[in-house]
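Text of structure_32.tsv, listed as TSV, C-alpha atoms (C1' of nucleotides):
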chain	number	residue	atom	x	y	z
A	1	MET	CA	-100.87	283.59	85.58
A	2	GLU	CA	-104.13	282.56	83.95
A	3	ALA	CA	-102.88	279.05	83.24
A	4	PHE	CA	-101.53	278.69	86.77
A	5	LEU	CA	-104.81	279.82	88.32
A	6	ALA	CA	-106.72	277.41	86.09
A	7	LEU	CA	-104.53	274.60	87.43
A	8	ALA	CA	-104.87	275.66	91.06
A	9	LYS	CA	-108.64	276.04	90.75
A	10	ALA	CA	-108.93	272.67	89.04
A	11	LEU	CA	-107.10	271.10	91.98
A	12	ALA	CA	-109.13	272.96	94.60
A	13	ASP	CA	-112.08	270.58	94.56
A	14	GLU	CA	-112.20	267.15	96.15
A	15	THR	CA	-114.30	265.55	93.41
A	16	ARG	CA	-111.86	266.68	90.73
A	17	VAL	CA	-108.74	265.46	92.50
A	18	ARG	CA	-110.44	262.14	93.23
A	19	ALA	CA	-111.12	261.82	89.50
A	20	LEU	CA	-107.54	262.75	88.74
A	21	MET	CA	-106.20	260.16	91.15
A	22	ALA	CA	-108.47	257.52	89.66
A	23	LEU	CA	-106.77	258.09	86.31
A	24	ARG	CA	-103.32	257.28	87.72
A	25	GLN	CA	-103.08	253.80	86.30
A	26	ARG	CA	-105.42	253.71	83.34
A	27	GLU	CA	-107.84	255.73	81.32
A	28	LEU	CA	-111.50	255.66	82.29
A	29	CYS	CA	-114.68	256.49	80.47
A	30	LEU	CA	-117.09	259.03	81.87
A	31	CYS	CA	-119.65	256.46	82.98
A	32	GLN	CA	-117.01	254.74	85.09
A	33	LEU	CA	-116.12	258.02	86.76
A	34	ILE	CA	-119.82	258.68	87.34
A	35	GLU	CA	-120.15	255.31	89.03
A	36	LEU	CA	-117.02	255.86	91.11
A	37	LEU	CA	-117.81	259.37	92.29
A	38	GLY	CA	-121.56	259.01	92.69
A	39	LEU	CA	-122.62	262.31	91.17
A	40	ALA	CA	-124.89	263.25	88.27
A	41	PRO	CA	-123.50	262.75	84.73
A	42	SER	CA	-123.74	266.45	83.98
A	43	THR	CA	-121.77	267.25	87.11
A	44	ILE	CA	-118.95	264.83	86.34
A	45	SER	CA	-118.86	265.97	82.73
A	46	LYS	CA	-118.40	269.54	83.88
A	47	HIS	CA	-115.63	268.57	86.29
A	48	MET	CA	-113.77	266.64	83.60
A	49	SER	CA	-114.15	269.54	81.21
A	50	LEU	CA	-112.51	271.79	83.78
A	51	LEU	CA	-109.62	269.37	84.32
A	52	LYS	CA	-109.18	269.22	80.57
A	53	GLN	CA	-109.16	272.97	80.17
A	54	ALA	CA	-106.50	273.22	82.85
A	55	GLY	CA	-104.38	270.77	80.87
A	56	LEU	CA	-104.38	268.03	83.50
A	57	VAL	CA	-106.24	265.41	81.47
A	58	VAL	CA	-106.98	264.66	77.84
A	59	SER	CA	-109.96	262.89	76.35
A	60	ARG	CA	-110.43	260.44	73.53
A	61	LYS	CA	-113.73	259.69	71.89
A	62	GLN	CA	-114.38	256.08	71.01
A	63	GLY	CA	-117.84	255.48	69.65
A	64	ARG	CA	-120.33	256.85	72.14
A	65	TRP	CA	-117.85	256.77	74.98
A	66	VAL	CA	-115.37	259.41	76.02
A	67	HIS	CA	-112.24	258.14	77.70
A	68	TYR	CA	-110.18	260.36	79.94
A	69	ARG	CA	-106.56	259.93	80.93
A	70	LEU	CA	-103.81	261.98	82.54
A	71	ALA	CA	-102.43	264.47	80.07
A	72	PRO	CA	-98.90	263.79	78.82
A	73	ALA	CA	-97.42	266.91	80.35
A	74	PHE	CA	-95.15	268.67	77.92
A	75	ASP	CA	-95.55	271.79	79.98
A	76	ALA	CA	-93.44	271.83	83.14
A	77	THR	CA	-96.07	273.64	85.21
A	78	VAL	CA	-98.70	271.04	84.38
A	79	ARG	CA	-96.31	268.17	85.02
A	80	VAL	CA	-95.33	269.49	88.44
A	81	ALA	CA	-99.00	270.00	89.30
A	82	GLN	CA	-99.74	266.40	88.38
A	83	GLU	CA	-96.78	265.05	90.34
A	84	TRP	CA	-97.59	267.23	93.31
A	85	THR	CA	-101.14	265.91	93.43
A	86	LEU	CA	-100.26	262.26	92.86
A	87	GLU	CA	-97.57	262.37	95.51
A	88	ALA	CA	-99.62	264.30	98.06
A	89	LEU	CA	-102.73	262.17	97.83
A	90	ALA	CA	-101.35	258.69	97.19
A	91	ARG	CA	-102.05	257.71	100.79
A	92	ALA	CA	-105.24	259.67	101.37
A	93	PRO	CA	-108.00	257.41	102.74
A	94	VAL	CA	-110.60	258.54	100.21
A	95	VAL	CA	-108.21	257.90	97.35
A	96	ARG	CA	-107.36	254.42	98.59
A	97	GLN	CA	-111.01	253.62	99.00
A	98	ASP	CA	-111.67	254.88	95.47
A	99	ALA	CA	-108.90	252.68	94.12
A	100	LYS	CA	-110.51	249.67	95.74
A	101	ARG	CA	-113.98	250.51	94.46
A	102	LEU	CA	-112.54	251.20	91.04
A	103	ARG	CA	-111.18	247.69	90.81
A	104	ALA	CA	-114.70	246.41	91.39
A	105	ILE	CA	-116.14	248.77	88.82
A	106	LEU	CA	-113.62	247.69	86.22
A	107	ARG	CA	-114.73	244.13	86.68
A	108	LEU	CA	-118.20	245.05	85.43
A	109	ASP	CA	-119.17	245.12	81.80
A	110	PRO	CA	-119.05	248.78	80.70
A	111	THR	CA	-122.29	248.48	78.74
A	112	GLU	CA	-124.15	247.06	81.71
A	113	LEU	CA	-122.67	249.76	83.88
A	114	CYS	CA	-124.08	252.50	81.71
A	115	ARG	CA	-127.44	250.81	81.46
A	116	LYS	CA	-127.56	250.63	85.22
A	117	GLN	CA	-127.06	254.35	85.48
A	118	CYS	CA	-129.92	255.10	83.14
A	119	VAL	CA	-132.44	253.57	85.55
B	1	MET	CA	-106.86	265.46	101.56
B	2	GLU	CA	-107.91	268.40	103.71
B	3	ALA	CA	-104.41	269.84	103.84
B	4	PHE	CA	-103.97	269.41	100.10
B	5	LEU	CA	-107.26	271.15	99.34
B	6	ALA	CA	-106.33	273.99	101.68
B	7	LEU	CA	-103.11	274.45	99.69
B	8	ALA	CA	-104.83	274.27	96.31
B	9	LYS	CA	-107.53	276.72	97.40
B	10	ALA	CA	-104.96	279.09	98.83
B	11	LEU	CA	-103.20	279.10	95.46
B	12	ALA	CA	-106.42	279.52	93.48
B	13	ASP	CA	-106.62	283.28	93.90
B	14	GLU	CA	-104.52	285.85	92.07
B	15	THR	CA	-104.20	288.23	95.00
B	16	ARG	CA	-102.87	285.48	97.24
B	17	VAL	CA	-100.30	284.17	94.78
B	18	ARG	CA	-99.15	287.74	94.11
B	19	ALA	CA	-98.62	288.13	97.85
B	20	LEU	CA	-96.78	284.84	97.97
B	21	MET	CA	-94.51	285.85	95.10
B	22	ALA	CA	-93.79	289.18	96.78
B	23	LEU	CA	-92.39	287.26	99.74
B	24	ARG	CA	-89.83	285.43	97.61
B	25	GLN	CA	-86.84	287.49	98.64
B	26	ARG	CA	-87.71	289.06	101.95
B	27	GLU	CA	-90.35	289.22	104.61
B	28	LEU	CA	-92.92	292.00	104.38
B	29	CYS	CA	-95.28	293.54	106.87
B	30	LEU	CA	-98.99	293.70	106.20
B	31	CYS	CA	-98.99	297.40	105.44
B	32	GLN	CA	-96.48	296.86	102.65
B	33	LEU	CA	-98.61	294.13	101.16
B	34	ILE	CA	-101.63	296.42	101.39
B	35	GLU	CA	-99.73	299.11	99.52
B	36	LEU	CA	-98.49	296.65	96.92
B	37	LEU	CA	-101.78	294.92	96.23
B	38	GLY	CA	-104.07	297.92	96.54
B	39	LEU	CA	-106.87	296.32	98.51
B	40	ALA	CA	-108.47	297.06	101.87
B	41	PRO	CA	-106.49	296.11	104.99
B	42	SER	CA	-109.15	293.69	106.13
B	43	THR	CA	-109.09	291.96	102.76
B	44	ILE	CA	-105.32	291.50	102.76
B	45	SER	CA	-105.36	290.36	106.36
B	46	LYS	CA	-107.85	287.67	105.50
B	47	HIS	CA	-105.83	286.53	102.48
B	48	MET	CA	-102.67	286.25	104.57
B	49	SER	CA	-104.53	284.36	107.24
B	50	LEU	CA	-105.61	281.85	104.61
B	51	LEU	CA	-102.06	281.45	103.28
B	52	LYS	CA	-100.89	280.91	106.84
B	53	GLN	CA	-103.52	278.30	107.56
B	54	ALA	CA	-102.49	276.43	104.44
B	55	GLY	CA	-98.92	276.40	105.73
B	56	LEU	CA	-97.47	278.49	102.91
B	57	VAL	CA	-96.39	281.46	105.02
B	58	VAL	CA	-95.59	282.20	108.63
B	59	SER	CA	-95.97	285.45	110.54
B	60	ARG	CA	-93.96	287.22	113.17
B	61	LYS	CA	-95.28	290.00	115.35
B	62	GLN	CA	-92.95	292.91	116.02
B	63	GLY	CA	-94.56	295.72	117.91
B	64	ARG	CA	-97.70	296.79	116.09
B	65	TRP	CA	-96.53	295.24	112.88
B	66	VAL	CA	-96.97	291.73	111.60
B	67	HIS	CA	-94.30	290.45	109.23
B	68	TYR	CA	-94.99	287.63	106.83
B	69	ARG	CA	-92.50	285.37	105.12
B	70	LEU	CA	-92.49	282.13	103.19
B	71	ALA	CA	-92.90	279.21	105.55
B	72	PRO	CA	-89.84	277.01	106.00
B	73	ALA	CA	-91.43	273.92	104.52
B	74	PHE	CA	-90.71	270.88	106.58
B	75	ASP	CA	-93.65	269.21	104.93
B	76	ALA	CA	-92.93	267.93	101.43
B	77	THR	CA	-96.40	268.76	100.10
B	78	VAL	CA	-96.08	272.37	101.19
B	79	ARG	CA	-92.56	272.67	99.84
B	80	VAL	CA	-93.55	271.35	96.43
B	81	ALA	CA	-96.51	273.73	96.35
B	82	GLN	CA	-94.20	276.66	97.07
B	83	GLU	CA	-91.67	275.60	94.47
B	84	TRP	CA	-94.38	274.95	91.91
B	85	THR	CA	-95.78	278.43	92.40
B	86	LEU	CA	-92.45	280.25	92.46
B	87	GLU	CA	-91.29	278.45	89.35
B	88	ALA	CA	-94.54	278.83	87.42
B	89	LEU	CA	-94.99	282.53	88.08
B	90	ALA	CA	-91.43	283.85	88.13
B	91	ARG	CA	-91.90	285.34	84.68
B	92	ALA	CA	-95.56	286.34	84.92
B	93	PRO	CA	-96.02	290.01	83.94
B	94	VAL	CA	-98.05	290.91	87.02
B	95	VAL	CA	-95.44	289.37	89.28
B	96	ARG	CA	-92.59	291.24	87.58
B	97	GLN	CA	-94.52	294.47	87.82
B	98	ASP	CA	-95.16	293.80	91.50
B	99	ALA	CA	-91.45	293.20	92.08
B	100	LYS	CA	-90.68	296.54	90.52
B	101	ARG	CA	-93.34	298.36	92.51
B	102	LEU	CA	-92.19	296.59	95.64
B	103	ARG	CA	-88.69	298.01	95.23
B	104	ALA	CA	-90.22	301.48	95.10
B	105	ILE	CA	-92.35	300.82	98.16
B	106	LEU	CA	-89.32	299.64	100.11
B	107	ARG	CA	-87.47	302.84	99.15
B	108	LEU	CA	-90.16	305.16	100.51
B	109	ASP	CA	-89.37	307.46	103.41
B	110	PRO	CA	-90.91	306.05	106.58
B	111	THR	CA	-92.27	309.46	107.62
B	112	GLU	CA	-94.04	310.04	104.34
B	113	LEU	CA	-95.55	306.61	104.47
B	114	CYS	CA	-97.17	307.42	107.84
B	115	ARG	CA	-99.30	304.37	108.36
B	116	LYS	CA	-97.63	302.16	105.81
B	117	GLN	CA	-93.93	301.88	106.36
B	118	CYS	CA	-92.16	299.69	108.85
B	119	VAL	CA	-88.73	300.33	110.30
C	1	DC	C1'	-104.16	307.07	132.10
C	2	DT	C1'	-105.47	308.54	126.86
C	3	DA	C1'	-104.49	308.79	122.02
C	4	DA	C1'	-102.87	306.95	117.85
C	5	DC	C1'	-102.13	303.24	114.94
C	6	DA	C1'	-101.51	298.37	112.71
C	7	DT	C1'	-104.09	294.55	112.42
C	8	DT	C1'	-108.06	291.42	112.98
C	9	DT	C1'	-112.94	290.23	113.41
C	10	DC	C1'	-117.65	290.82	112.08
C	11	DG	C1'	-121.58	291.71	109.12
C	12	DT	C1'	-123.12	292.74	104.49
C	13	DT	C1'	-123.06	292.53	99.47
C	14	DG	C1'	-122.17	290.92	94.82
C	15	DT	C1'	-119.93	287.22	92.31
C	16	DT	C1'	-118.37	282.55	91.56
C	17	DT	C1'	-118.94	277.77	91.92
C	18	DG	C1'	-120.89	272.99	92.59
C	19	DG	C1'	-124.91	270.48	92.28
C	20	DC	C1'	-129.11	268.83	89.84
C	21	DG	C1'	-132.55	267.86	86.02
C	22	DA	C1'	-134.26	268.72	81.39
C	23	DA	C1'	-133.18	269.18	76.93
C	24	DA	C1'	-129.81	269.07	73.16
C	25	DC	C1'	-126.24	266.65	70.86
C	26	DA	C1'	-123.66	262.74	68.83
C	27	DA	C1'	-122.98	258.02	67.55
C	28	DC	C1'	-124.65	253.65	66.92
C	29	DA	C1'	-128.56	250.00	66.04
C	30	DA	C1'	-132.68	248.40	64.10
D	1	DT	C1'	-135.53	256.62	58.70
D	2	DT	C1'	-136.47	256.12	63.99
D	3	DG	C1'	-135.05	254.89	68.46
D	4	DT	C1'	-131.43	254.13	71.97
D	5	DT	C1'	-127.65	255.57	74.51
D	6	DG	C1'	-123.44	258.15	76.33
D	7	DT	C1'	-122.20	262.73	76.86
D	8	DT	C1'	-122.66	267.76	76.93
D	9	DT	C1'	-125.08	272.17	77.38
D	10	DC	C1'	-128.37	275.08	79.64
D	11	DG	C1'	-130.99	277.06	83.37
D	12	DC	C1'	-131.71	277.20	87.97
D	13	DC	C1'	-130.71	277.07	93.10
D	14	DA	C1'	-127.85	276.97	97.26
D	15	DA	C1'	-123.38	277.30	99.25
D	16	DA	C1'	-118.80	279.31	99.16
D	17	DC	C1'	-116.03	283.24	98.48
D	18	DA	C1'	-113.86	287.90	97.77
D	19	DA	C1'	-114.46	292.54	98.70
D	20	DC	C1'	-115.63	296.41	101.70
D	21	DG	C1'	-116.52	299.32	105.99
D	22	DA	C1'	-117.29	299.54	110.83
D	23	DA	C1'	-116.11	298.05	115.07
D	24	DA	C1'	-112.98	295.39	118.13
D	25	DT	C1'	-108.25	294.08	119.45
D	26	DG	C1'	-103.71	294.79	120.80
D	27	DT	C1'	-99.56	297.68	121.10
D	28	DT	C1'	-96.69	301.81	121.44
D	29	DA	C1'	-96.30	306.84	122.37
D	30	DG	C1'	-97.39	310.84	125.07

Full structure transcribed into structure tokens:
Amino acid sequence: MEAFLALAKALADETRVRALMALRQRELCLCQLIELLGLAPSTISKHMSLLKQAGLVVSRKQGRWVHYRLAPAFDATVRVAQEWTLEALARAPVVRQDAKRLRAILRLDPTELCRKQCV
Amino acid sequence: MEAFLALAKALADETRVRALMALRQRELCLCQLIELLGLAPSTISKHMSLLKQAGLVVSRKQGRWVHYRLAPAFDATVRVAQEWTLEALARAPVVRQDAKRLRAILRLDPTELCRKQCV
DNA sequence: CTAACATTTCGTTGTTTGGCGAAACAACAA
DNA sequence: TTGTTGTTTCGCCAAACAACGAAATGTTAG
């Protein structure tokens, strides 16, 4: 029950599901998610931490950067939650818009991107 | 996105998913859910209203009583949400205990139940 | 009609949650 | 070392939410 509620709560916030959808194709580092979602670093960090605790994403530290990607779901409940979300939101306007903006963000140099955010 | 978030939020509360699980086999009237879940009538009513708005349950008015049952899910997103929940929580201790208590509630003599039992 | 009763709505209260900024932390660079 | 930088933690505030009781609603019984 606890694990299920953690999943449902993780999916009950628009910012978090937008982040989740952005990870569909590739892993992203926190600064890229910050740029995409337009919220404070501490806020995004907290959201990603919640998604991680629920088992929906995993993180990988590479130097100073933390990369997030969809969790390989060994657990059936997590896998169904992921599939449910991906399927339900694939055509949502916000998600499509994010996908477009993400392509632009990925064209930028990650280092420059982070520097830009520090201003 | 709105409909998805309504579903996720509806499933992000233990009382509501317990109610949902109790409706697996048969429809129940509000007073039976009140008895099962042990909360105030107004609280349960509000929870059921939320589940209904999300599309997870439907209600049927019969006399003074309102019966709730799982919604026949024509919408794929709703159906997957229902299946995800039913599958994930089928073996949860609280849910099993509720199922047991529910059998007792359904066995109670209507007269003794005064305000709680439905015909 | 009036009374009784199941349910809903409304207003209040205490808790949870999402947001931010400042400071702490961690990893690299000079 | 010292400074820079990406991320996280902490403390705070405002909004959202779950719970209750009282009052309103709607329905059947007398």

Rounded to one decimal, what separation in Å do you get between CA of Thr85 (chain A) and CA of Val17 (chain A)?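 Result for CA of Thr85 (chain A) versus CA of Val17 (chain A): 7.7 Å, one decimal.
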
LSQ fit chain A -> chain B, C-alpha in sequence order, output as a PDB file with C-alpha atoms, keeping the file's coordinate frame:
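Output (result.pdb):
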ATOM      1  CA  MET A   1    -107.268 265.860 101.781  1.00  0.00           C
ATOM      2  CA  GLU A   2    -108.151 268.815 103.979  1.00  0.00           C
ATOM      3  CA  ALA A   3    -104.583 270.102 103.998  1.00  0.00           C
ATOM      4  CA  PHE A   4    -104.286 269.679 100.237  1.00  0.00           C
ATOM      5  CA  LEU A   5    -107.529 271.554  99.600  1.00  0.00           C
ATOM      6  CA  ALA A   6    -106.400 274.339 101.924  1.00  0.00           C
ATOM      7  CA  LEU A   7    -103.243 274.669  99.823  1.00  0.00           C
ATOM      8  CA  ALA A   8    -105.083 274.594  96.503  1.00  0.00           C
ATOM      9  CA  LYS A   9    -107.642 277.141  97.694  1.00  0.00           C
ATOM     10  CA  ALA A  10    -104.907 279.392  99.043  1.00  0.00           C
ATOM     11  CA  LEU A  11    -103.270 279.341  95.612  1.00  0.00           C
ATOM     12  CA  ALA A  12    -106.527 279.908  93.738  1.00  0.00           C
ATOM     13  CA  ASP A  13    -106.572 283.673  94.179  1.00  0.00           C
ATOM     14  CA  GLU A  14    -104.446 286.165  92.289  1.00  0.00           C
ATOM     15  CA  THR A  15    -103.925 288.512  95.238  1.00  0.00           C
ATOM     16  CA  ARG A  16    -102.636 285.676  97.407  1.00  0.00           C
ATOM     17  CA  VAL A  17    -100.189 284.311  94.856  1.00  0.00           C
ATOM     18  CA  ARG A  18     -98.930 287.831  94.167  1.00  0.00           C
ATOM     19  CA  ALA A  19     -98.255 288.177  97.896  1.00  0.00           C
ATOM     20  CA  LEU A  20     -96.549 284.808  97.927  1.00  0.00           C
ATOM     21  CA  MET A  21     -94.332 285.739  95.007  1.00  0.00           C
ATOM     22  CA  ALA A  22     -93.426 289.018  96.670  1.00  0.00           C
ATOM     23  CA  LEU A  23     -92.024 287.036  99.592  1.00  0.00           C
ATOM     24  CA  ARG A  24     -89.596 285.120  97.361  1.00  0.00           C
ATOM     25  CA  GLN A  25     -86.516 287.074  98.298  1.00  0.00           C
ATOM     26  CA  ARG A  26     -87.223 288.591 101.680  1.00  0.00           C
ATOM     27  CA  GLU A  27     -89.776 288.883 104.404  1.00  0.00           C
ATOM     28  CA  LEU A  28     -92.224 291.770 104.282  1.00  0.00           C
ATOM     29  CA  CYS A  29     -94.405 293.429 106.851  1.00  0.00           C
ATOM     30  CA  LEU A  30     -98.127 293.715 106.319  1.00  0.00           C
ATOM     31  CA  CYS A  31     -98.052 297.426 105.538  1.00  0.00           C
ATOM     32  CA  GLN A  32     -95.607 296.783 102.711  1.00  0.00           C
ATOM     33  CA  LEU A  33     -97.892 294.137 101.256  1.00  0.00           C
ATOM     34  CA  ILE A  34    -100.822 296.538 101.600  1.00  0.00           C
ATOM     35  CA  GLU A  35     -98.894 299.158  99.667  1.00  0.00           C
ATOM     36  CA  LEU A  36     -97.836 296.660  97.009  1.00  0.00           C
ATOM     37  CA  LEU A  37    -101.226 295.074  96.432  1.00  0.00           C
ATOM     38  CA  GLY A  38    -103.382 298.161  96.850  1.00  0.00           C
ATOM     39  CA  LEU A  39    -106.161 296.646  98.924  1.00  0.00           C
ATOM     40  CA  ALA A  40    -107.610 297.443 102.346  1.00  0.00           C
ATOM     41  CA  PRO A  41    -105.557 296.374 105.405  1.00  0.00           C
ATOM     42  CA  SER A  42    -108.302 294.058 106.593  1.00  0.00           C
ATOM     43  CA  THR A  43    -108.395 292.371 103.207  1.00  0.00           C
ATOM     44  CA  ILE A  44    -104.653 291.763 103.050  1.00  0.00           C
ATOM     45  CA  SER A  45    -104.619 290.588 106.650  1.00  0.00           C
ATOM     46  CA  LYS A  46    -107.269 288.023 105.827  1.00  0.00           C
ATOM     47  CA  HIS A  47    -105.374 286.822 102.763  1.00  0.00           C
ATOM     48  CA  MET A  48    -102.154 286.421 104.735  1.00  0.00           C
ATOM     49  CA  SER A  49    -104.011 284.570 107.454  1.00  0.00           C
ATOM     50  CA  LEU A  50    -105.266 282.126 104.845  1.00  0.00           C
ATOM     51  CA  LEU A  51    -101.781 281.596 103.404  1.00  0.00           C
ATOM     52  CA  LYS A  52    -100.532 280.989 106.919  1.00  0.00           C
ATOM     53  CA  GLN A  53    -103.234 278.481 107.715  1.00  0.00           C
ATOM     54  CA  ALA A  54    -102.383 276.591 104.549  1.00  0.00           C
ATOM     55  CA  GLY A  55     -98.775 276.406 105.718  1.00  0.00           C
ATOM     56  CA  LEU A  56     -97.329 278.461 102.870  1.00  0.00           C
ATOM     57  CA  VAL A  57     -96.059 281.366 104.965  1.00  0.00           C
ATOM     58  CA  VAL A  58     -95.123 282.049 108.563  1.00  0.00           C
ATOM     59  CA  SER A  59     -95.310 285.292 110.482  1.00  0.00           C
ATOM     60  CA  ARG A  60     -93.120 286.965 113.047  1.00  0.00           C
ATOM     61  CA  LYS A  61     -94.235 289.765 115.296  1.00  0.00           C
ATOM     62  CA  GLN A  62     -91.735 292.526 115.896  1.00  0.00           C
ATOM     63  CA  GLY A  63     -93.126 295.377 117.926  1.00  0.00           C
ATOM     64  CA  ARG A  64     -96.273 296.596 116.228  1.00  0.00           C
ATOM     65  CA  TRP A  65     -95.324 295.073 112.911  1.00  0.00           C
ATOM     66  CA  VAL A  66     -95.996 291.591 111.637  1.00  0.00           C
ATOM     67  CA  HIS A  67     -93.484 290.243 109.165  1.00  0.00           C
ATOM     68  CA  TYR A  68     -94.379 287.471 106.777  1.00  0.00           C
ATOM     69  CA  ARG A  69     -92.033 285.137 104.956  1.00  0.00           C
ATOM     70  CA  LEU A  70     -92.226 281.895 103.004  1.00  0.00           C
ATOM     71  CA  ALA A  71     -92.663 278.985 105.358  1.00  0.00           C
ATOM     72  CA  PRO A  72     -89.671 276.658 105.698  1.00  0.00           C
ATOM     73  CA  ALA A  73     -91.436 273.660 104.227  1.00  0.00           C
ATOM     74  CA  PHE A  74     -90.782 270.564 106.262  1.00  0.00           C
ATOM     75  CA  ASP A  75     -93.840 269.029 104.702  1.00  0.00           C
ATOM     76  CA  ALA A  76     -93.284 267.737 101.172  1.00  0.00           C
ATOM     77  CA  THR A  77     -96.751 268.732  99.960  1.00  0.00           C
ATOM     78  CA  VAL A  78     -96.250 272.322 101.070  1.00  0.00           C
ATOM     79  CA  ARG A  79     -92.763 272.471  99.596  1.00  0.00           C
ATOM     80  CA  VAL A  80     -93.928 271.215  96.210  1.00  0.00           C
ATOM     81  CA  ALA A  81     -96.791 273.719  96.260  1.00  0.00           C
ATOM     82  CA  GLN A  82     -94.345 276.536  96.921  1.00  0.00           C
ATOM     83  CA  GLU A  83     -91.944 275.396  94.208  1.00  0.00           C
ATOM     84  CA  TRP A  84     -94.763 274.875  91.755  1.00  0.00           C
ATOM     85  CA  THR A  85     -96.011 278.412  92.293  1.00  0.00           C
ATOM     86  CA  LEU A  86     -92.601 280.082  92.245  1.00  0.00           C
ATOM     87  CA  GLU A  87     -91.619 278.259  89.085  1.00  0.00           C
ATOM     88  CA  ALA A  88     -94.926 278.788  87.292  1.00  0.00           C
ATOM     89  CA  LEU A  89     -95.214 282.490  87.980  1.00  0.00           C
ATOM     90  CA  ALA A  90     -91.604 283.668  87.905  1.00  0.00           C
ATOM     91  CA  ARG A  91     -92.134 285.194  84.470  1.00  0.00           C
ATOM     92  CA  ALA A  92     -95.719 286.362  84.843  1.00  0.00           C
ATOM     93  CA  PRO A  93     -96.060 290.046  83.890  1.00  0.00           C
ATOM     94  CA  VAL A  94     -97.941 291.003  87.049  1.00  0.00           C
ATOM     95  CA  VAL A  95     -95.317 289.344  89.209  1.00  0.00           C
ATOM     96  CA  ARG A  96     -92.469 291.107  87.433  1.00  0.00           C
ATOM     97  CA  GLN A  97     -94.236 294.408  87.771  1.00  0.00           C
ATOM     98  CA  ASP A  98     -94.777 293.726  91.475  1.00  0.00           C
ATOM     99  CA  ALA A  99     -91.097 292.953  91.916  1.00  0.00           C
ATOM    100  CA  LYS A 100     -90.219 296.291  90.378  1.00  0.00           C
ATOM    101  CA  ARG A 101     -92.712 298.215  92.492  1.00  0.00           C
ATOM    102  CA  LEU A 102     -91.546 296.342  95.554  1.00  0.00           C
ATOM    103  CA  ARG A 103     -88.020 297.595  95.083  1.00  0.00           C
ATOM    104  CA  ALA A 104     -89.386 301.129  95.174  1.00  0.00           C
ATOM    105  CA  ILE A 105     -91.456 300.408  98.246  1.00  0.00           C
ATOM    106  CA  LEU A 106     -88.482 298.965 100.076  1.00  0.00           C
ATOM    107  CA  ARG A 107     -86.615 302.172  99.489  1.00  0.00           C
ATOM    108  CA  LEU A 108     -89.174 304.047 101.582  1.00  0.00           C
ATOM    109  CA  ASP A 109     -88.995 304.365 105.322  1.00  0.00           C
ATOM    110  CA  PRO A 110     -91.407 301.771 106.763  1.00  0.00           C
ATOM    111  CA  THR A 111     -92.747 304.201 109.358  1.00  0.00           C
ATOM    112  CA  GLU A 112     -93.525 306.821 106.745  1.00  0.00           C
ATOM    113  CA  LEU A 113     -95.124 304.163 104.609  1.00  0.00           C
ATOM    114  CA  CYS A 114     -97.552 303.211 107.329  1.00  0.00           C
ATOM    115  CA  ARG A 115     -98.320 306.810 108.142  1.00  0.00           C
ATOM    116  CA  LYS A 116     -99.125 307.394 104.509  1.00  0.00           C
ATOM    117  CA  GLN A 117    -101.658 304.612 104.555  1.00  0.00           C
ATOM    118  CA  CYS A 118    -103.460 306.032 107.547  1.00  0.00           C
ATOM    119  CA  VAL A 119    -104.437 309.163 105.613  1.00  0.00           C
TER     120      VAL A 119
END

Interface, chain A side, toward chain D (8 Å; all atoms listed in the file) as a list in words: Cys31, Pro41, Ser42, Ser45, Arg64, Trp65, Val66 and Cys114 of chain A

For a quick test of understanding: name the residues of chain C lying within 9 Å of chain B when counting all atoms listed in the file, and present them as a PyMOL selection string. chain C and resi 5-9

Kindly provide, as a PyMOL selection string, the residues of chain B having any atom no farther than 10 Å from an atom of chain A, counting all atoms listed in the file. chain B and resi 1-14+17-18+76-81+83-85+87-95

In Å, with one decimal, what is the gap from CA of Leu36 (chain B) to CA of Pro72 (chain B)?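 It comes out at 23.3 Å.
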
One decimal, Å: what's the distance from CA of Met21 (chain B) over to CA of Leu56 (chain A), could you say?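 Distance reported for this atom pair: 23.4 Å.
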
Generate N, CA, C and O atoms for region 23-28 of chain B and emit them as an mmCIF file, in the coordinates of the input.
data_model
loop_
_atom_site.group_PDB
_atom_site.id
_atom_site.type_symbol
_atom_site.label_atom_id
_atom_site.label_comp_id
_atom_site.auth_asym_id
_atom_site.auth_seq_id
_atom_site.Cartn_x
_atom_site.Cartn_y
_atom_site.Cartn_z
ATOM 1 N N LEU B 23 -93.167 287.678 98.566
ATOM 2 C CA LEU B 23 -92.390 287.260 99.740
ATOM 3 C C LEU B 23 -91.177 286.419 99.369
ATOM 4 O O LEU B 23 -90.474 285.925 100.243
ATOM 5 N N ARG B 24 -90.944 286.267 98.072
ATOM 6 C CA ARG B 24 -89.830 285.430 97.610
ATOM 7 C C ARG B 24 -88.507 285.791 98.259
ATOM 8 O O ARG B 24 -87.778 284.943 98.761
ATOM 9 N N GLN B 25 -88.176 287.074 98.230
ATOM 10 C CA GLN B 25 -86.840 287.490 98.640
ATOM 11 C C GLN B 25 -86.749 287.880 100.114
ATOM 12 O O GLN B 25 -85.752 287.641 100.765
ATOM 13 N N ARG B 26 -87.796 288.518 100.598
ATOM 14 C CA ARG B 26 -87.710 289.060 101.950
ATOM 15 C C ARG B 26 -89.082 289.030 102.603
ATOM 16 O O ARG B 26 -90.094 288.910 101.935
ATOM 17 N N GLU B 27 -89.070 289.146 103.923
ATOM 18 C CA GLU B 27 -90.350 289.220 104.610
ATOM 19 C C GLU B 27 -90.918 290.626 104.449
ATOM 20 O O GLU B 27 -90.190 291.600 104.247
ATOM 21 N N LEU B 28 -92.232 290.722 104.526
ATOM 22 C CA LEU B 28 -92.920 292.000 104.380
ATOM 23 C C LEU B 28 -93.981 292.122 105.466
ATOM 24 O O LEU B 28 -94.550 291.121 105.901
#
